[in-house]
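K.L.:
Let me give you the structure first, and then I'll get to my questions.
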Amino acid sequence: MASHTNDTDEGFEPIISNRLAIKLLSALAALVLIAGLITAAGHWLGQRMASGGHTDSTQEFNIAIGSDIISVPANMIRLAEQRTSGTAAGLNLYLTWPEMQGYSVAEKDRFDAADKSTDLIFIEVSEATMSRDMSGRFEPIYQRLLSGDSSDFGHGLTLHHLKADSGYGDEVLLSAHRPGKPDYVVRCLLPQRRQEASSADCQRDIHAGNGLSILYRFSSTRLAEWDHIDAAIGAFVANRLTGQKSDNP
């Protein structure tokens with residue numbers, strides 16, 4: 001009887017080799033990882049867009065400006081790139097009024113409408129470049145720029161108009177006498193109608209620490225509270241200053 005060759009699987013090569021299977025599994029794992037990263041990035045970006053660049057983190061940062069160090073939580077720092085410890089040329093803050101608190105989810109609407117909100121205060125901290133703050137500049141500088149008669153604005157404030165060529169446009173000057181202190185002085189761009197007021201149409205600067213200038217802006221609708229706002233800003237900065245920066249490395 002003729003011999004018959006056995007056609008079994010002996011010596012048969014599999015359709016997918018082990019090496020190719022490993023490559024396919026590795027590629028699949030990489031795709032899953034990339035998909036996960038895209039999902040996480042999309043979630044992060046969505047949250048960031050929803051928060052409008054705000055953060056509710058209360059992590060404290062120590063920021064050296066000039067010879068002063070100020071400690072501020074992240075949710076009070078307006079610009080994301082400034083939310084880091086170290087040396088900086090300046091610092092931009094925003095706070096609720098009258099609570100003097102930073103951003104929170106509960107107060108999201110107030111911060112999202114920052115240009116129209118009447119209950120936010122904006123603060124810029126920088127090294128002082130002038131020897132006098134706004135109150136100190138009233139007599140030697142601003143009085144020379146006044147035009148016409150002054151008038152009572154109410155709330156203890158006197159309204160002064162500035163000369164057309166003073167460089168201050170349509171701004172006016174408001175001042176108030178303070179016993180034992182220099183006169184309070186603030187510049188404002190007063191709206192024709194109350195509902196046209198912005199969140200920062202009044203500005204004033206004060207000195208603090210060893211050499212800081214604190215410029216703060218607030219809505220003209222809050223002028224009746226000028227003395228409370230000024231005191232609150234001064235106390236806030238004083239409480240946040242942690243000391244003088246060392247010149248040693």
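Every chain in the structure tokens has a letter given in the order shown (A, B, ...), and although residue numbers restart at 1 in each chain, ligands are simply numbered from 1 in the order shown.
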Just asking: which residues within region 27-233 of chain A are strand (DSSP E or B) according to DSSP, as a VMD selection string?

P.N.:
chain A and resid 60 to 65 68 to 73 77 86 to 87 90 to 96 120 to 127 146 to 154 157 to 162 172 to 176 184 to 188 202 to 208 212 to 218

K.L.:
Excluding region 219-231 of chain A and its own-chain neighbours fewer than 5 positions away, which residues fall within 6 Å of it when counting only C-alpha atoms? Please give them as a count of residues only.

P.N.:
7

K.L.:
Write out as a VMD selection string which residues come within 7 Å of region 87-97 of chain A when counting only C-alpha atoms, dropping same-chain ones fewer than 4 positions away.

P.N.:
chain A and resid 63 to 65 76 to 79 82 101 to 102 119 to 126
